[in-house]
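J.: My structure is stored as structure_37.cif, with mmCIF, C-alpha atoms and all ligand atoms.
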data_coords
#
loop_
_atom_site.label_atom_id
_atom_site.label_comp_id
_atom_site.auth_asym_id
_atom_site.auth_seq_id
_atom_site.Cartn_x
_atom_site.Cartn_y
_atom_site.Cartn_z
CA MET A 1 73.56 186.33 104.59
CA ALA A 2 75.32 184.39 107.37
CA LYS A 3 74.25 180.80 107.85
CA ARG A 4 71.73 180.23 110.60
CA LEU A 5 73.11 177.52 112.88
CA ASP A 6 70.15 177.30 115.26
CA ARG A 7 68.69 174.23 113.58
CA ILE A 8 69.89 171.71 111.05
CA VAL A 9 67.29 170.65 108.51
CA VAL A 10 67.45 166.87 108.07
CA VAL A 11 65.78 165.67 104.87
CA ASP A 12 65.10 162.17 103.60
CA LEU A 13 63.58 161.54 100.20
CA GLU A 14 61.60 158.68 98.77
CA SER A 15 61.39 158.38 95.00
CA THR A 16 59.63 156.24 92.44
CA CYS A 17 61.73 153.13 91.88
CA TRP A 18 61.83 149.73 90.23
CA GLU A 19 63.78 146.57 90.74
CA GLY A 20 66.17 147.62 87.96
CA ASN A 21 66.17 150.60 85.62
CA PRO A 22 63.02 152.70 85.12
CA PRO A 23 60.65 151.35 82.43
CA ALA A 24 60.78 153.17 79.07
CA GLY A 25 59.38 156.67 79.32
CA GLN A 26 59.59 156.88 83.13
CA GLU A 27 62.25 158.31 85.45
CA ASN A 28 62.98 158.40 89.18
CA GLU A 29 61.00 161.18 90.78
CA ILE A 30 60.62 162.41 94.34
CA ILE A 31 57.38 161.22 95.97
CA GLU A 32 58.07 162.07 99.62
CA VAL A 33 60.18 164.72 101.29
CA GLY A 34 60.65 163.75 104.91
CA VAL A 35 61.83 166.55 107.17
CA CYS A 36 62.98 166.79 110.77
CA THR A 37 64.89 169.69 112.28
CA LEU A 38 67.56 169.18 114.91
CA VAL A 39 67.72 171.98 117.48
CA VAL A 40 71.48 172.36 117.77
CA HIS A 41 71.60 173.84 121.27
CA THR A 42 69.45 171.20 122.96
CA GLY A 43 69.88 168.22 120.66
CA GLU A 44 66.09 167.94 120.46
CA ARG A 45 64.24 166.94 117.32
CA ALA A 46 61.38 169.14 116.15
CA ASP A 47 59.12 169.83 113.17
CA ARG A 48 58.86 166.27 111.93
CA ALA A 49 56.97 166.28 108.63
CA SER A 50 56.19 164.20 105.58
CA ILE A 51 55.48 166.13 102.38
CA LEU A 52 53.97 163.88 99.72
CA VAL A 53 54.79 164.88 96.15
CA LYS A 54 52.81 163.88 93.07
CA PRO A 55 55.09 162.48 90.34
CA GLU A 56 54.57 163.73 86.77
CA ARG A 57 56.74 161.42 84.71
CA SER A 58 56.47 158.11 86.54
CA GLN A 59 54.19 155.86 88.50
CA VAL A 60 54.50 154.13 91.83
CA SER A 61 55.35 150.50 91.05
CA GLU A 62 54.41 147.54 93.19
CA PHE A 63 58.10 147.23 94.05
CA CYS A 64 58.14 150.86 95.22
CA THR A 65 55.04 150.34 97.39
CA LYS A 66 56.64 147.26 98.97
CA LEU A 67 59.77 149.30 99.78
CA THR A 68 58.18 152.54 100.97
CA THR A 69 54.54 151.59 101.75
CA LEU A 70 53.53 154.56 99.53
CA THR A 71 50.82 153.90 96.94
CA GLN A 72 49.90 155.76 93.76
CA ALA A 73 46.75 157.01 95.54
CA ASP A 74 48.86 158.39 98.42
CA VAL A 75 51.11 160.41 96.13
CA ASP A 76 48.26 161.48 93.84
CA ALA A 77 47.02 163.42 96.87
CA GLY A 78 50.43 165.10 97.17
CA ILE A 79 51.57 168.55 96.05
CA GLY A 80 53.70 169.45 93.05
CA PHE A 81 57.50 169.31 93.19
CA ARG A 82 57.85 173.07 92.74
CA GLU A 83 55.44 173.73 95.58
CA ALA A 84 57.30 171.26 97.83
CA CYS A 85 60.57 173.12 97.21
CA GLN A 86 58.89 176.43 98.00
CA ARG A 87 57.43 175.00 101.19
CA LEU A 88 60.86 173.86 102.37
CA GLN A 89 62.22 177.36 101.94
CA LYS A 90 59.29 179.11 103.57
CA GLN A 91 58.68 176.74 106.44
CA TYR A 92 62.21 175.63 107.30
CA ALA A 93 64.38 178.47 105.93
CA THR A 94 66.38 175.87 104.04
CA LYS A 95 68.27 178.50 102.06
CA ASP A 96 69.76 179.91 105.27
CA ARG A 97 70.31 176.74 107.27
CA VAL A 98 72.48 173.67 106.86
CA PHE A 99 70.86 170.76 105.01
CA ALA A 100 71.71 167.26 106.26
CA SER A 101 70.87 163.85 104.85
CA TYR A 102 72.10 160.28 105.10
CA GLY A 103 74.43 159.84 102.11
CA ASP A 104 74.64 161.94 98.96
CA TYR A 105 71.55 160.52 97.27
CA ASP A 106 69.04 163.04 98.60
CA ARG A 107 71.12 166.10 97.63
CA ARG A 108 71.86 164.71 94.18
CA GLN A 109 68.25 163.78 93.48
CA PHE A 110 67.18 167.32 94.43
CA GLU A 111 69.87 168.76 92.15
CA ARG A 112 68.84 166.50 89.27
CA GLN A 113 65.13 167.10 89.57
CA CYS A 114 65.46 170.86 90.09
CA THR A 115 67.61 171.12 86.95
CA ALA A 116 65.27 168.88 84.93
CA ARG A 117 62.15 170.89 85.92
CA GLY A 118 63.63 174.37 86.02
CA VAL A 119 62.79 174.63 89.73
CA ALA A 120 64.99 176.70 92.07
CA TYR A 121 67.18 174.49 94.29
CA PRO A 122 65.66 175.00 97.76
CA PHE A 123 68.83 174.64 99.85
CA GLY A 124 71.87 176.76 100.55
CA PRO A 125 75.40 175.70 99.59
CA THR A 126 76.19 173.60 102.69
CA HIS A 127 75.25 169.93 102.89
CA LEU A 128 76.14 167.60 105.77
CA ASN A 129 76.41 163.94 104.84
CA VAL A 130 75.52 162.18 108.11
CA LYS A 131 76.45 158.75 106.72
CA ASN A 132 79.98 159.94 106.01
CA LEU A 133 80.30 161.82 109.32
CA PHE A 134 79.12 158.77 111.24
CA ALA A 135 81.70 156.48 109.61
CA LEU A 136 84.51 159.00 110.15
CA HIS A 137 83.51 159.63 113.77
CA HIS A 138 83.49 155.89 114.54
CA ARG A 139 86.64 155.28 112.46
CA LEU A 140 84.81 152.71 110.33
CA GLU A 141 86.45 151.36 107.21
CA HIS A 142 83.18 151.68 105.29
CA GLU A 143 80.02 153.69 105.60
CA VAL A 144 77.01 151.84 107.05
CA GLY A 145 73.26 152.08 106.41
CA MET A 146 70.96 154.07 108.67
CA ASP A 147 69.63 150.94 110.39
CA GLY A 148 73.17 149.72 111.07
CA ALA A 149 74.19 153.10 112.49
CA LEU A 150 71.20 153.14 114.86
CA ARG A 151 72.04 149.61 116.04
CA MET A 152 75.68 150.54 116.64
CA ILE A 153 74.76 153.37 119.00
CA GLY A 154 71.84 151.56 120.64
CA LEU A 155 69.05 153.75 119.31
CA PRO A 156 65.70 152.32 118.17
CA LEU A 157 64.57 152.56 114.56
CA GLU A 158 61.36 154.47 115.16
CA GLY A 159 58.49 154.28 112.67
CA THR A 160 58.77 152.69 109.23
CA HIS A 161 62.14 152.40 107.50
CA HIS A 162 62.00 153.83 103.94
CA ARG A 163 59.32 156.35 104.82
CA GLY A 164 60.89 159.77 104.48
CA GLY A 165 59.34 161.34 107.57
CA ASP A 166 60.44 158.47 109.81
CA ASP A 167 63.87 158.17 108.19
CA ALA A 168 64.48 161.91 108.70
CA TRP A 169 63.45 161.58 112.37
CA ASN A 170 65.89 158.68 112.90
CA ILE A 171 68.72 160.37 110.98
CA ALA A 172 68.28 163.48 113.14
CA ALA A 173 68.81 161.27 116.22
CA ILE A 174 72.07 159.94 114.75
CA LEU A 175 73.22 163.47 113.95
CA GLY A 176 72.25 164.60 117.47
CA ARG A 177 74.54 161.93 118.92
CA LEU A 178 77.37 162.91 116.60
CA LEU A 179 77.08 166.50 117.74
CA GLY A 180 77.28 165.43 121.36
CA GLY A 181 73.63 165.67 122.41
CA ALA A 182 72.35 168.35 124.76
CA ARG A 183 74.75 170.80 126.39
P1 LIG A 201 65.68 155.35 101.54
O1 LIG A 201 65.87 156.76 102.04
O2 LIG A 201 66.73 154.40 101.97
O3 LIG A 201 64.32 154.92 101.95
O4 LIG A 201 65.75 155.37 99.96
C1 LIG A 201 65.42 156.47 99.19
C2 LIG A 201 64.96 156.02 97.82
O5 LIG A 201 65.99 155.27 97.19
C3 LIG A 201 63.74 155.11 97.80
O6 LIG A 201 62.52 155.81 97.85
C4 LIG A 201 63.92 154.43 96.45
O7 LIG A 201 63.52 155.27 95.39
C5 LIG A 201 65.43 154.25 96.39
N1 LIG A 201 65.80 152.94 96.91
C6 LIG A 201 66.19 152.63 98.17
N2 LIG A 201 66.44 151.33 98.31
C7 LIG A 201 66.19 150.77 97.10
C8 LIG A 201 66.25 149.44 96.56
N3 LIG A 201 66.64 148.40 97.31
N4 LIG A 201 65.92 149.27 95.26
C9 LIG A 201 65.54 150.30 94.47
N5 LIG A 201 65.47 151.57 94.91
C10 LIG A 201 65.78 151.80 96.20
MG MG A 202 64.15 157.11 103.24
#
Let me see the file written as structure tokens.
T.:
Amino acid sequence: MAKRLDRIVVVDLESTCWEGNPPAGQENEIIEVGVCTLVVHTGERADRASILVKPERSQVSEFCTKLTTLTQADVDAGIGFREACQRLQKQYATKDRVFASYGDYDRRQFERQCTARGVAYPFGPTHLNVKNLFALHHRLEHEVGMDGALRMIGLPLEGTHHRGGDDAWNIAAILGRLLGGAR
């Protein structure tokens, strides 16, 4: 099937994390899938969402709550990882559209966790790395963080940094600029 280029699905993940390596017996797991679609023709952002995912092999540490604001109680109310992947496909047609994220982390974490759990990878073959595109477009020597990119182009950081839904919304704005906005 040909790729649908009507919208780009911007995704930003939050995962369980610690100051260093995971404690014995735990591993990094997705706890939030932030989504925002960019309507290519208009440059508008739509369908902002935050899907909370209940971890099975790890717990939300105090460090993780400080970073993301997410608590164990928040993610305990979330859905399973398999269900979250199915929702992405059904609701956003992620198999047919282009998947974008800021850096390679989000794609790799999906790949890792899908393999580890025997869950079907919810995206198609094409991934846009907005962090890399941004640096190339601006002829930077090094890639910059999302907050730095927003500052460089004079856009506000809306919402809470390190919350997936808000990060996806802000990344979609950066991608919109890179694609030249409305036309
Ligand atoms: P972000 O999209 O930048 O909010 O980061 C995605 C995920 O990467 C977070 O949910 C954490 O699991 C991990 N992460 C980001 N920054 C840090 C950090 N300073 N220390 C440990 N893990 C981090
Ligand atoms: Mg994030």
J.: List all protein, DNA and RNA residues that have any atom at most 7 Å from ligand LIG 201 (chain A), counting only C-alpha atoms and all ligand atoms, and write the list as a PyMOL selection string.
T.: chain A and resi 12-19+28+64+68+161-164+167
J.: Produce a file of the selected residues containing C-alpha atoms, as a compact mmCIF listing (two decimals), in the frame of the given file.
T.:
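That gives us result.txt:
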# COMPACT_ATOMS: atom_id res chain seq x y z
CA ASP A 12 65.10 162.17 103.60
CA LEU A 13 63.58 161.54 100.20
CA GLU A 14 61.60 158.68 98.77
CA SER A 15 61.39 158.38 95.00
CA THR A 16 59.63 156.24 92.44
CA CYS A 17 61.73 153.13 91.88
CA TRP A 18 61.83 149.73 90.23
CA GLU A 19 63.78 146.57 90.74
CA ASN A 28 62.98 158.40 89.18
CA CYS A 64 58.14 150.86 95.22
CA THR A 68 58.18 152.54 100.97
CA HIS A 161 62.14 152.40 107.50
CA HIS A 162 62.00 153.83 103.94
CA ARG A 163 59.32 156.35 104.82
CA GLY A 164 60.89 159.77 104.48
CA ASP A 167 63.87 158.17 108.19
J.: Given all atoms listed in the file, how would the per-residue table for chain A near ligand MG 202 (chain A) read, listing every residue at most 12 Å away with its closest atom pair and distance in Å to one decimal, sorted by chain and number, as a Markdown table?
T.:
| residue | atom | partner | partner_atom | distance |
| --- | --- | --- | --- | --- |
| A:Val10 | CA | A:MG202 | MG | 11.4 |
| A:Val11 | CA | A:MG202 | MG | 8.9 |
| A:Asp12 | CA | A:MG202 | MG | 5.2 |
| A:Leu13 | CA | A:MG202 | MG | 5.4 |
| A:Glu14 | CA | A:MG202 | MG | 5.4 |
| A:Ser15 | CA | A:MG202 | MG | 8.8 |
| A:Thr16 | CA | A:MG202 | MG | 11.7 |
| A:Ile30 | CA | A:MG202 | MG | 10.9 |
| A:Ile31 | CA | A:MG202 | MG | 10.8 |
| A:Glu32 | CA | A:MG202 | MG | 8.6 |
| A:Val33 | CA | A:MG202 | MG | 8.8 |
| A:Gly34 | CA | A:MG202 | MG | 7.7 |
| A:Val35 | CA | A:MG202 | MG | 10.5 |
| A:Ser50 | CA | A:MG202 | MG | 10.9 |
| A:Cys64 | CA | A:MG202 | MG | 11.8 |
| A:Leu67 | CA | A:MG202 | MG | 9.6 |
| A:Thr68 | CA | A:MG202 | MG | 7.9 |
| A:Thr69 | CA | A:MG202 | MG | 11.2 |
| A:Leu70 | CA | A:MG202 | MG | 11.5 |
| A:Ser101 | CA | A:MG202 | MG | 9.7 |
| A:Tyr102 | CA | A:MG202 | MG | 8.8 |
| A:Gly103 | CA | A:MG202 | MG | 10.7 |
| A:Tyr105 | CA | A:MG202 | MG | 10.1 |
| A:Asp106 | CA | A:MG202 | MG | 9.0 |
| A:Gly145 | CA | A:MG202 | MG | 10.9 |
| A:Met146 | CA | A:MG202 | MG | 9.2 |
| A:Asp147 | CA | A:MG202 | MG | 10.9 |
| A:Gly159 | CA | A:MG202 | MG | 11.4 |
| A:Thr160 | CA | A:MG202 | MG | 9.2 |
| A:His161 | CA | A:MG202 | MG | 6.7 |
| A:His162 | CA | A:MG202 | MG | 4.0 |
| A:Arg163 | CA | A:MG202 | MG | 5.1 |
| A:Gly164 | CA | A:MG202 | MG | 4.4 |
| A:Gly165 | CA | A:MG202 | MG | 7.7 |
| A:Asp166 | CA | A:MG202 | MG | 7.7 |
| A:Asp167 | CA | A:MG202 | MG | 5.1 |
| A:Ala168 | CA | A:MG202 | MG | 7.3 |
| A:Trp169 | CA | A:MG202 | MG | 10.2 |
| A:Asn170 | CA | A:MG202 | MG | 9.9 |
| A:Ile171 | CA | A:MG202 | MG | 9.6 |
J.: Quote the spacing between atom CA of A:Ala49 and atom CA of A:Asp6 in Å to one decimal place.
T.: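 Straight-line distance from atom CA of A:Ala49 to atom CA of A:Asp6 works out to 18.4 Å.
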J.: Atom CA of A:Ser58 and atom CA of A:Gln109, how far apart in Å?
T.: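 So the answer is 14.8 Å.
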J.: Please, which residues are within 12 Å of (45.7, 162.6, 95.0) by the file's coordinates, counting all atoms listed in the file, and could they come as a JSON list (two decimals) with C-alpha atoms, in the frame of the given file?
T.:
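This went into selection_14.json:
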[["chain", "number", "residue", "atom", "x", "y", "z"],
["A", 31, "ILE", "CA", 57.38, 161.22, 95.97],
["A", 52, "LEU", "CA", 53.97, 163.88, 99.72],
["A", 53, "VAL", "CA", 54.79, 164.88, 96.15],
["A", 54, "LYS", "CA", 52.81, 163.88, 93.07],
["A", 55, "PRO", "CA", 55.09, 162.48, 90.34],
["A", 71, "THR", "CA", 50.82, 153.90, 96.94],
["A", 72, "GLN", "CA", 49.90, 155.76, 93.76],
["A", 73, "ALA", "CA", 46.75, 157.01, 95.54],
["A", 74, "ASP", "CA", 48.86, 158.39, 98.42],
["A", 75, "VAL", "CA", 51.11, 160.41, 96.13],
["A", 76, "ASP", "CA", 48.26, 161.48, 93.84],
["A", 77, "ALA", "CA", 47.02, 163.42, 96.87],
["A", 78, "GLY", "CA", 50.43, 165.10, 97.17],
["A", 79, "ILE", "CA", 51.57, 168.55, 96.05],
["A", 80, "GLY", "CA", 53.70, 169.45, 93.05]]
J.: Could you tell me which of A:Arg4, A:Glu143, A:Ala172, A:Ala100 comes closest to A:Leu155 if we count all atoms listed in the file?
T.: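 Among A:Arg4, A:Glu143, A:Ala172, A:Ala100, it is A:Ala172 that comes nearest to A:Leu155.
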J.: What separation in Å, quoted to one decimal, exists between atom CA of A:Phe99 and atom CA of A:Thr126?
T.: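 Separating atom CA of A:Phe99 from atom CA of A:Thr126 is a distance of 6.5 Å.
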J.: Which of these, A:Val119, A:Met1, A:His127, A:Val60, has the shortest distance to A:Cys85 once you count only C-alpha atoms?
T.: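 Among the listed residues, A:Val119 lies closest to A:Cys85.
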J.: Pick from A:Asn129, A:Ala135, A:Leu38, A:Pro23: nearest to A:Ala149, with only C-alpha atoms counted?
T.: A:Ala135
J.: Residues within 9 Å of (63.1, 164.7, 88.5), file coordinates, counting only C-alpha atoms: what are they? Give the list as a list in words.
T.: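 Final list of nearby residues, as requested, is Glu27, Asn28, Glu29, Ile30, Pro55, Glu56, Arg57, Phe81, Gln109, Phe110, Glu111, Arg112, Gln113, Cys114, Thr115, Ala116 and Arg117 of chain A.
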J.: Could you check which of A:Val130, A:Leu178, A:Leu5, A:Leu136 is closest to A:Ile153, using only C-alpha atoms?
T.: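 Closest residue, counting only C-alpha atoms: A:Leu178.
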J.: A:Lys3, A:Gln59, A:Lys95, A:Arg108: which is nearest A:Gly25, counting all atoms listed in the file?
T.: A:Gln59
J.: Any chance you could work out the axis-aligned box around stretch 99-113 of chain A, listed atoms only, 4 Å on each side, giving centre and edge lengths in Å to one decimal, as JSON?
T.:
{"center_x": 69.9, "center_y": 165.3, "center_z": 97.8, "size_x": 17.5, "size_y": 18.9, "size_z": 25.0}
J.: Could I see stretch 112-124 of chain A restored to N, CA, C and O atoms, set down as an mmCIF file, keeping the file's coordinate frame?
T.:
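Saved as selection36.cif:
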data_model
loop_
_atom_site.group_PDB
_atom_site.id
_atom_site.type_symbol
_atom_site.label_atom_id
_atom_site.label_comp_id
_atom_site.auth_asym_id
_atom_site.auth_seq_id
_atom_site.Cartn_x
_atom_site.Cartn_y
_atom_site.Cartn_z
ATOM 1 N N ARG A 112 69.289 167.037 90.569
ATOM 2 C CA ARG A 112 68.840 166.500 89.270
ATOM 3 C C ARG A 112 67.444 166.975 88.930
ATOM 4 O O ARG A 112 67.184 167.488 87.845
ATOM 5 N N GLN A 113 66.529 166.791 89.875
ATOM 6 C CA GLN A 113 65.130 167.100 89.570
ATOM 7 C C GLN A 113 64.899 168.601 89.436
ATOM 8 O O GLN A 113 64.093 169.027 88.598
ATOM 9 N N CYS A 114 65.592 169.405 90.223
ATOM 10 C CA CYS A 114 65.460 170.860 90.090
ATOM 11 C C CYS A 114 65.946 171.301 88.710
ATOM 12 O O CYS A 114 65.292 172.106 88.044
ATOM 13 N N THR A 115 67.076 170.768 88.272
ATOM 14 C CA THR A 115 67.610 171.120 86.950
ATOM 15 C C THR A 115 66.632 170.677 85.864
ATOM 16 O O THR A 115 66.292 171.453 84.970
ATOM 17 N N ALA A 116 66.152 169.433 85.964
ATOM 18 C CA ALA A 116 65.270 168.880 84.930
ATOM 19 C C ALA A 116 63.964 169.675 84.813
ATOM 20 O O ALA A 116 63.392 169.790 83.733
ATOM 21 N N ARG A 117 63.452 170.211 85.933
ATOM 22 C CA ARG A 117 62.150 170.890 85.920
ATOM 23 C C ARG A 117 62.249 172.409 85.912
ATOM 24 O O ARG A 117 61.234 173.101 85.956
ATOM 25 N N GLY A 118 63.480 172.918 85.961
ATOM 26 C CA GLY A 118 63.630 174.370 86.020
ATOM 27 C C GLY A 118 63.078 174.941 87.320
ATOM 28 O O GLY A 118 62.503 176.025 87.350
ATOM 29 N N VAL A 119 63.255 174.179 88.408
ATOM 30 C CA VAL A 119 62.790 174.630 89.730
ATOM 31 C C VAL A 119 64.009 175.094 90.523
ATOM 32 O O VAL A 119 65.063 174.463 90.463
ATOM 33 N N ALA A 120 63.859 176.177 91.286
ATOM 34 C CA ALA A 120 64.990 176.700 92.070
ATOM 35 C C ALA A 120 65.381 175.690 93.160
ATOM 36 O O ALA A 120 64.511 175.189 93.889
ATOM 37 N N TYR A 121 66.672 175.409 93.259
ATOM 38 C CA TYR A 121 67.180 174.490 94.290
ATOM 39 C C TYR A 121 66.873 175.112 95.661
ATOM 40 O O TYR A 121 67.239 176.253 95.921
ATOM 41 N N PRO A 122 66.174 174.360 96.543
ATOM 42 C CA PRO A 122 65.660 175.000 97.760
ATOM 43 C C PRO A 122 66.668 175.159 98.900
ATOM 44 O O PRO A 122 66.334 175.769 99.915
ATOM 45 N N PHE A 123 67.875 174.606 98.739
ATOM 46 C CA PHE A 123 68.830 174.640 99.850
ATOM 47 C C PHE A 123 69.956 175.632 99.601
ATOM 48 O O PHE A 123 70.176 176.078 98.477
ATOM 49 N N GLY A 124 70.670 175.942 100.655
ATOM 50 C CA GLY A 124 71.870 176.760 100.550
ATOM 51 C C GLY A 124 73.037 175.896 100.082
ATOM 52 O O GLY A 124 72.850 174.743 99.693
#
